[in-house]
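Chemist: If it helps, the file is called input-v3.cif and holds mmCIF, C-alpha atoms:
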```
data_protein
#
loop_
_atom_site.label_atom_id
_atom_site.label_comp_id
_atom_site.auth_asym_id
_atom_site.auth_seq_id
_atom_site.Cartn_x
_atom_site.Cartn_y
_atom_site.Cartn_z
CA MET S 1 -52.47 -77.20 58.76
CA VAL S 2 -48.78 -77.65 57.98
CA LYS S 3 -46.78 -77.67 61.19
CA LYS S 4 -43.91 -75.21 61.41
CA LEU S 5 -40.46 -76.68 61.58
CA PRO S 6 -38.74 -76.25 64.97
CA VAL S 7 -36.47 -73.47 63.75
CA LEU S 8 -34.15 -73.18 66.75
CA PRO S 9 -33.32 -76.90 67.07
CA LEU S 10 -32.90 -77.12 63.29
CA PHE S 11 -30.54 -74.15 63.31
CA LEU S 12 -28.46 -75.67 66.08
CA ILE S 13 -28.32 -79.11 64.47
CA ILE S 14 -27.15 -77.68 61.14
CA GLU S 15 -24.55 -75.53 62.86
CA VAL S 16 -23.21 -78.50 64.85
CA VAL S 17 -22.91 -80.56 61.65
CA LEU S 18 -21.12 -77.71 59.84
CA TYR S 19 -18.88 -77.16 62.88
CA ALA S 20 -17.82 -80.79 63.06
CA ALA S 21 -17.32 -80.92 59.28
CA PHE S 22 -15.07 -77.89 58.97
CA LEU S 23 -13.02 -78.82 62.03
CA TYR S 24 -12.44 -82.23 60.47
CA CYS S 25 -11.44 -80.55 57.20
CA ASP S 26 -8.99 -78.32 59.10
CA VAL S 27 -7.41 -81.29 60.84
CA ILE S 28 -6.90 -83.24 57.59
CA GLY S 29 -5.77 -80.11 55.70
CA SER S 30 -8.73 -79.75 53.31
CA PHE S 31 -8.81 -75.97 53.65
CA GLY S 32 -10.80 -75.15 50.52
CA CYS S 33 -13.77 -77.21 51.68
CA SER S 34 -13.31 -75.90 55.22
CA THR S 35 -13.54 -72.27 54.06
CA ILE S 36 -16.83 -72.89 52.28
CA LEU S 37 -18.34 -74.65 55.29
CA LYS S 38 -17.17 -71.92 57.68
CA TYR S 39 -18.66 -69.12 55.63
CA ILE S 40 -21.96 -70.98 55.21
CA SER S 41 -22.11 -71.38 59.00
CA LEU S 42 -21.63 -67.62 59.45
CA LEU S 43 -24.27 -66.76 56.86
CA LEU S 44 -26.66 -69.12 58.63
CA CYS S 45 -26.03 -67.23 61.89
CA PHE S 46 -26.89 -63.98 60.14
CA ALA S 47 -30.02 -65.45 58.53
CA PHE S 48 -31.23 -66.79 61.87
CA SER S 49 -30.62 -63.44 63.55
CA VAL S 50 -32.70 -61.63 60.94
CA ASP S 51 -35.82 -63.70 61.53
CA ASN S 52 -35.51 -64.79 65.15
CA HIS S 53 -34.34 -61.85 67.23
CA SER S 54 -36.08 -60.14 70.09
CA ALA S 55 -37.57 -56.74 69.46
CA LYS S 56 -35.58 -55.16 72.29
CA ASP S 57 -32.04 -55.31 70.98
CA GLY S 58 -32.03 -57.80 68.13
CA GLY S 59 -31.38 -55.06 65.61
CA PHE S 60 -27.90 -54.60 67.04
CA VAL S 61 -27.13 -58.29 66.62
CA CYS S 62 -28.55 -58.43 63.09
CA LEU S 63 -26.43 -55.48 62.03
CA ALA S 64 -23.33 -56.84 63.76
CA LEU S 65 -23.75 -60.31 62.19
CA GLY S 66 -24.26 -58.75 58.77
CA LEU S 67 -21.04 -56.76 59.15
CA THR S 68 -19.30 -59.88 60.49
CA ALA S 69 -20.24 -61.71 57.28
CA ILE S 70 -18.78 -58.83 55.25
CA ALA S 71 -15.58 -58.77 57.30
CA ASP S 72 -15.09 -62.51 56.99
CA PHE S 73 -15.68 -62.34 53.26
CA PHE S 74 -12.40 -60.43 53.04
CA LEU S 75 -10.54 -62.22 55.83
CA LEU S 76 -11.73 -65.77 55.15
CA VAL S 77 -13.13 -66.14 51.64
CA LEU S 78 -10.92 -63.73 49.68
CA ASN S 79 -8.02 -64.09 52.12
CA ARG S 80 -6.76 -60.61 51.19
CA TRP S 81 -7.50 -56.93 51.80
CA TYR S 82 -7.27 -57.66 55.51
CA GLU S 83 -7.41 -53.95 56.34
CA ILE S 84 -11.00 -53.78 55.09
CA GLY S 85 -11.98 -56.85 57.07
CA VAL S 86 -10.48 -55.59 60.33
CA ALA S 87 -11.96 -52.11 59.77
CA VAL S 88 -15.42 -53.68 59.45
CA PHE S 89 -14.78 -55.68 62.63
CA CYS S 90 -14.06 -52.36 64.38
CA LEU S 91 -17.63 -51.36 63.50
CA VAL S 92 -18.88 -54.68 64.86
CA GLN S 93 -17.30 -53.94 68.23
CA LEU S 94 -18.81 -50.45 68.21
CA ILE S 95 -22.25 -52.01 67.69
CA TYR S 96 -21.69 -54.46 70.54
CA ALA S 97 -20.61 -51.58 72.78
CA LEU S 98 -23.88 -49.81 71.94
CA ARG S 99 -25.79 -53.01 72.64
CA LEU S 100 -24.16 -53.28 76.05
CA ARG S 101 -25.33 -49.79 76.89
CA GLU S 102 -28.82 -50.63 75.67
CA MET S 103 -28.81 -53.70 77.94
CA ASN S 104 -28.04 -51.36 80.87
CA GLU S 105 -24.57 -52.78 81.32
CA LYS S 106 -22.16 -50.75 83.40
CA ALA S 107 -20.19 -48.86 80.81
CA ILE S 108 -16.42 -48.86 80.70
CA PRO S 109 -15.43 -45.17 80.64
CA PHE S 110 -14.48 -43.93 77.20
CA TRP S 111 -11.13 -42.63 78.46
CA ILE S 112 -10.14 -46.13 79.57
CA ARG S 113 -10.87 -47.48 76.09
CA ILE S 114 -8.69 -44.72 74.60
CA ILE S 115 -5.80 -45.37 77.00
CA VAL S 116 -5.89 -49.11 76.33
CA GLY S 117 -5.96 -48.51 72.58
CA PHE S 118 -3.10 -46.01 72.65
CA GLY S 119 -1.10 -48.27 74.95
CA THR S 120 -1.46 -51.15 72.48
CA LEU S 121 -0.56 -48.87 69.59
CA ALA S 122 2.53 -47.57 71.41
CA GLY S 123 3.72 -51.13 71.94
CA VAL S 124 3.33 -51.90 68.24
CA ILE S 125 5.19 -48.73 67.21
CA LEU S 126 8.05 -49.40 69.65
CA SER S 127 8.36 -52.94 68.33
CA GLY S 128 8.76 -51.61 64.78
CA LEU S 129 5.63 -53.39 63.51
CA PHE S 130 3.50 -50.32 62.75
CA ASN S 131 1.38 -50.40 59.59
CA ILE S 132 -2.26 -49.75 58.65
CA LEU S 133 -3.36 -53.28 59.49
CA ASN S 134 -1.74 -53.20 62.92
CA LEU S 135 -3.25 -49.75 63.54
CA LEU S 136 -6.70 -51.18 62.89
CA VAL S 137 -5.98 -54.17 65.11
CA CYS S 138 -4.99 -51.74 67.90
CA ILE S 139 -8.46 -50.20 67.58
CA TYR S 140 -10.36 -53.46 67.21
CA PHE S 141 -8.91 -55.87 69.76
CA PRO S 142 -8.86 -53.54 72.81
CA GLN S 143 -12.51 -52.67 72.13
CA LEU S 144 -13.41 -56.36 71.92
CA CYS S 145 -11.69 -56.92 75.28
CA CYS S 146 -13.47 -53.92 76.81
CA ASN S 147 -16.82 -55.26 75.58
CA ALA S 148 -16.05 -58.70 76.99
CA ILE S 149 -15.14 -57.20 80.37
CA ALA S 150 -18.23 -54.96 80.35
CA SER S 151 -20.42 -58.00 79.70
CA LEU S 152 -19.36 -59.42 83.09
CA LEU S 153 -20.29 -56.35 85.11
CA GLN S 154 -23.95 -57.31 85.48
CA PRO S 155 -25.70 -60.37 86.95
CA ASP S 156 -25.34 -63.26 84.52
CA THR S 157 -28.98 -63.79 83.63
CA GLY S 158 -30.67 -64.78 80.37
CA ASN S 159 -29.37 -63.16 77.23
CA LYS S 160 -26.61 -61.33 79.14
CA ARG S 161 -25.00 -64.64 80.08
CA LEU S 162 -25.04 -65.91 76.50
CA PHE S 163 -23.70 -62.62 75.19
CA ALA S 164 -20.87 -62.59 77.74
CA ILE S 165 -19.78 -66.13 76.93
CA GLY S 166 -19.97 -65.35 73.22
CA LEU S 167 -17.74 -62.30 73.58
CA TRP S 168 -15.15 -64.17 75.64
CA LEU S 169 -15.03 -66.98 73.07
CA PHE S 170 -14.54 -64.21 70.49
CA VAL S 171 -11.52 -63.02 72.52
CA CYS S 172 -10.11 -66.56 72.66
CA CYS S 173 -10.50 -66.85 68.90
CA ASP S 174 -8.60 -63.64 68.26
CA ILE S 175 -5.81 -64.63 70.63
CA CYS S 176 -5.40 -67.78 68.54
CA VAL S 177 -5.45 -65.69 65.36
CA GLY S 178 -2.67 -63.51 66.76
CA ILE S 179 -0.55 -66.52 67.69
CA ASN S 180 -1.22 -68.08 64.29
CA ASN S 181 0.17 -64.98 62.57
CA MET S 182 3.42 -65.14 64.54
CA PRO S 183 6.46 -67.05 63.28
CA ILE S 184 5.99 -70.39 65.05
CA SER S 185 8.52 -73.17 64.73
CA ASN S 186 6.49 -75.68 66.75
CA GLN S 187 4.33 -77.53 64.23
CA PHE S 188 1.93 -78.86 66.87
CA LEU S 189 1.26 -75.36 68.23
CA GLN S 190 0.78 -74.02 64.70
CA THR S 191 -1.77 -76.73 63.92
CA PHE S 192 -3.50 -76.34 67.28
CA VAL S 193 -4.09 -72.58 67.04
CA SER S 194 -5.17 -72.80 63.38
CA VAL S 195 -7.90 -75.24 64.41
CA ALA S 196 -8.68 -73.64 67.80
CA MET S 197 -9.44 -70.18 66.41
CA TRP S 198 -12.48 -71.50 64.56
CA ALA S 199 -13.28 -73.94 67.35
CA PHE S 200 -13.85 -70.78 69.44
CA TYR S 201 -15.21 -68.51 66.71
CA LEU S 202 -18.35 -70.25 65.48
CA PRO S 203 -19.65 -71.01 69.01
CA SER S 204 -19.07 -67.36 69.87
CA GLN S 205 -21.24 -66.24 66.96
CA ILE S 206 -23.96 -68.78 67.73
CA LEU S 207 -24.16 -67.66 71.37
CA ILE S 208 -24.30 -64.00 70.34
CA VAL S 209 -27.14 -64.81 67.94
CA LEU S 210 -29.01 -66.79 70.61
CA SER S 211 -28.59 -63.93 73.09
CA ALA S 212 -31.10 -61.96 71.00
CA SER S 213 -33.39 -64.84 70.02
CA ARG S 214 -37.04 -64.48 70.87
CA ARG S 215 -37.16 -68.26 71.11
CA LEU S 216 -35.14 -68.23 74.32
CA PRO S 217 -36.14 -66.76 77.72
CA MET S 218 -34.53 -63.37 78.10
CA ASN S 219 -34.44 -63.08 81.86
CA GLY S 220 -33.69 -66.46 83.32
#
```
Show the structure stored in the file as structure tokens.
Modeler:
Amino acid sequence: MVKKLPVLPLFLIIEVVLYAAFLYCDVIGSFGCSTILKYISLLLCFAFSVDNHSAKDGGFVCLALGLTAIADFFLLVLNRWYEIGVAVFCLVQLIYALRLREMNEKAIPFWIRIIVGFGTLAGVILSGLFNILNLLVCIYFPQLCCNAIASLLQPDTGNKRLFAIGLWLFVCCDICVGINNMPISNQFLQTFVSVAMWAFYLPSQILIVLSASRRLPMNG
């Protein structure tokens, strides 16, 4: 009989190689090559989630990773039509919120999510920066933060721990994205956040994928 390849170690090894390669490309300024490697790494996350998720809640992760690949096609590969990409990421956060409920996480009341979102939106309007993209960001980012906070409200066991770490790395990534889109005169800071956002992002996606993997223990 032909022995099956160890899928999980192989997945992790390939992702580590891609991770190191695109970070190196970012540092030396080879952004075209970096973009290709980044998107391949995301597609690999999605492919792994399709075939290696747990029956309990893996469907949420598969759907979320598929939508993540679509969102990053606009935000990363095309580098335009950002409104579509962020709108799709809003759906991703909705799916993760549903997953948290399915995992019996303590839910953050819906009214708190609304207040946080409207508070963020009010700040953008008062600053004179209101547009469709910023409106979508005001929906997306507060919901990501609420999901990350909700992930900490249960004992950190098994898949819950991986999911929580993944969501908080996701938050760190988006903070770097926000800083990167500000007018920054400090060249070192500009370079740092442009590299750091993906240094956080791919590990976040890998941990989210692993949090639904049937190849890992779910309760310990």
Chemist: Skipping near chain neighbours, those fewer than 2 positions away, what residues fall within 8 Å of region 11-24 of chain S using only C-alpha atoms, listed as a list of chain:residue names?
Modeler: S:Val7, S:Leu8, S:Pro9, S:Asp26, S:Val27, S:Ile28, S:Cys33, S:Ser34, S:Thr35, S:Leu37, S:Lys38, S:Ser41, S:Leu44, S:Phe48, S:Val195, S:Trp198, S:Ala199, S:Leu202
Chemist: Please identify all polymer residues within 7 Å of Ser211 (chain S), counting all atoms listed in the file, omitting same-chain residues fewer than 6 positions from it, and present them as a PDB file with C-alpha atoms, keeping the file's coordinate frame.
Modeler:
```pdb
ATOM      1  CA  ASN S 159     -29.370 -63.160  77.230  1.00  0.00           C
ATOM      2  CA  LYS S 160     -26.610 -61.330  79.140  1.00  0.00           C
ATOM      3  CA  LEU S 162     -25.040 -65.910  76.500  1.00  0.00           C
ATOM      4  CA  PHE S 163     -23.700 -62.620  75.190  1.00  0.00           C
TER       5      PHE S 163
END
```
Chemist: Need to verify the contact set: Gly85 (chain S), 6 Å, only C-alpha atoms, exclusion of same-chain residues closer than 5 positions in sequence. Can you return it as a PyMOL selection string?
Modeler: chain S and resi 71+74-75
Chemist: Would you work out the distance separating CA of Tyr96 (chain S) from CA of Gly59 (chain S), expressed in Å to one decimal?
Modeler: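 Separation between CA of Tyr96 (chain S) and CA of Gly59 (chain S): 10.9 Å.
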Chemist: For a cutoff of 6 Å around the file-coordinate point (-20.5, -62.0, 82.7), which residues qualify once you count only C-alpha atoms? I'd like the result as an MDAnalysis selection string.
Modeler: chainID S and resid 151:152 156 161 164
Chemist: Restricted to C-alpha atoms, what would the selected residues look like written as a short mmCIF file (atom, residue, chain, number, x, y, z; two decimals), in the frame of the given file?
Modeler:
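Result file follows (part.cif):
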```cif
data_model
loop_
_atom_site.label_atom_id
_atom_site.label_comp_id
_atom_site.auth_asym_id
_atom_site.auth_seq_id
_atom_site.Cartn_x
_atom_site.Cartn_y
_atom_site.Cartn_z
CA SER S 151 -20.42 -58.00 79.70
CA LEU S 152 -19.36 -59.42 83.09
CA ASP S 156 -25.34 -63.26 84.52
CA ARG S 161 -25.00 -64.64 80.08
CA ALA S 164 -20.87 -62.59 77.74
#
```
Chemist: Which residue, S:Ile184, S:Ile40, S:Ala150, S:Cys45, has the smallest gap to Met103 (chain S) when you use only C-alpha atoms?
Modeler: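 Checking each of S:Ile184, S:Ile40, S:Ala150, S:Cys45 against Met103 (chain S), counting only C-alpha atoms, the winner is S:Ala150.
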Chemist: Suppose you want the space between CA of Leu76 (chain S) and CA of Gly117 (chain S); what is it in Å?
Modeler: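 Distance between the two atoms: 25.2 Å.
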Chemist: As an exercise, work out the distance from CA of Phe170 (chain S) to CA of Asn134 (chain S) in Å and give it to one decimal place.
Modeler: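 For CA of Phe170 (chain S) relative to CA of Asn134 (chain S), the distance reads 18.5 Å.
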Chemist: Can you list what the PyMOL selection byres ((chain S and resi 121-133) around 10) grabs from this structure, as a ChimeraX atom specification?
Modeler: /S:81-87,115-120,134-139
Chemist: Could you state which residues are captured by the PyMOL selection byres ((chain S and resi 60) around 8) in this file, as an MDAnalysis selection string?
Modeler: chainID S and resid 57:59 61:64 95:96 98:99
Chemist: Go through S:Leu43, S:Val88, S:Ala148, S:Val50 and flag the residue nearest Arg214 (chain S), using all atoms listed in the file for the distances.
Modeler: S:Val50
Chemist: Take the point (-15.5, -61.5, 74.8) as written in the file and pick out every residue within 7 Å of it, counting all atoms listed in the file; give the list as a PyMOL selection string.
Modeler: chain S and resi 144-145+147-148+164-171
Chemist: Export C-alpha atoms of the chosen residues as a CSV table (one decimal), in the frame of the given file?
Modeler:
```csv
chain,number,residue,atom,x,y,z
S,144,LEU,CA,-13.4,-56.4,71.9
S,145,CYS,CA,-11.7,-56.9,75.3
S,147,ASN,CA,-16.8,-55.3,75.6
S,148,ALA,CA,-16.0,-58.7,77.0
S,164,ALA,CA,-20.9,-62.6,77.7
S,165,ILE,CA,-19.8,-66.1,76.9
S,166,GLY,CA,-20.0,-65.4,73.2
S,167,LEU,CA,-17.7,-62.3,73.6
S,168,TRP,CA,-15.2,-64.2,75.6
S,169,LEU,CA,-15.0,-67.0,73.1
S,170,PHE,CA,-14.5,-64.2,70.5
S,171,VAL,CA,-11.5,-63.0,72.5
```
Chemist: For Tyr140 (chain S), which of S:Leu100, S:Leu210, S:Ile175, S:Leu94 is the closest residue, counting only C-alpha atoms?
Modeler: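 The answer is S:Leu94, which sits nearest to Tyr140 (chain S).
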Chemist: Using the file's own x, y and z axes, so that the box edges lie along x, y and z, what centre and edge lengths in Å (one decimal) does a box around every listed atom of region 84-92 of chain S get when 3 Å is added on each side? Give it as lines of an AutoDock Vina configuration file.
Modeler:
```
center_x = -14.7
center_y = -54.1
center_z = 60.0
size_x = 14.4
size_y = 11.5
size_z = 15.8
```
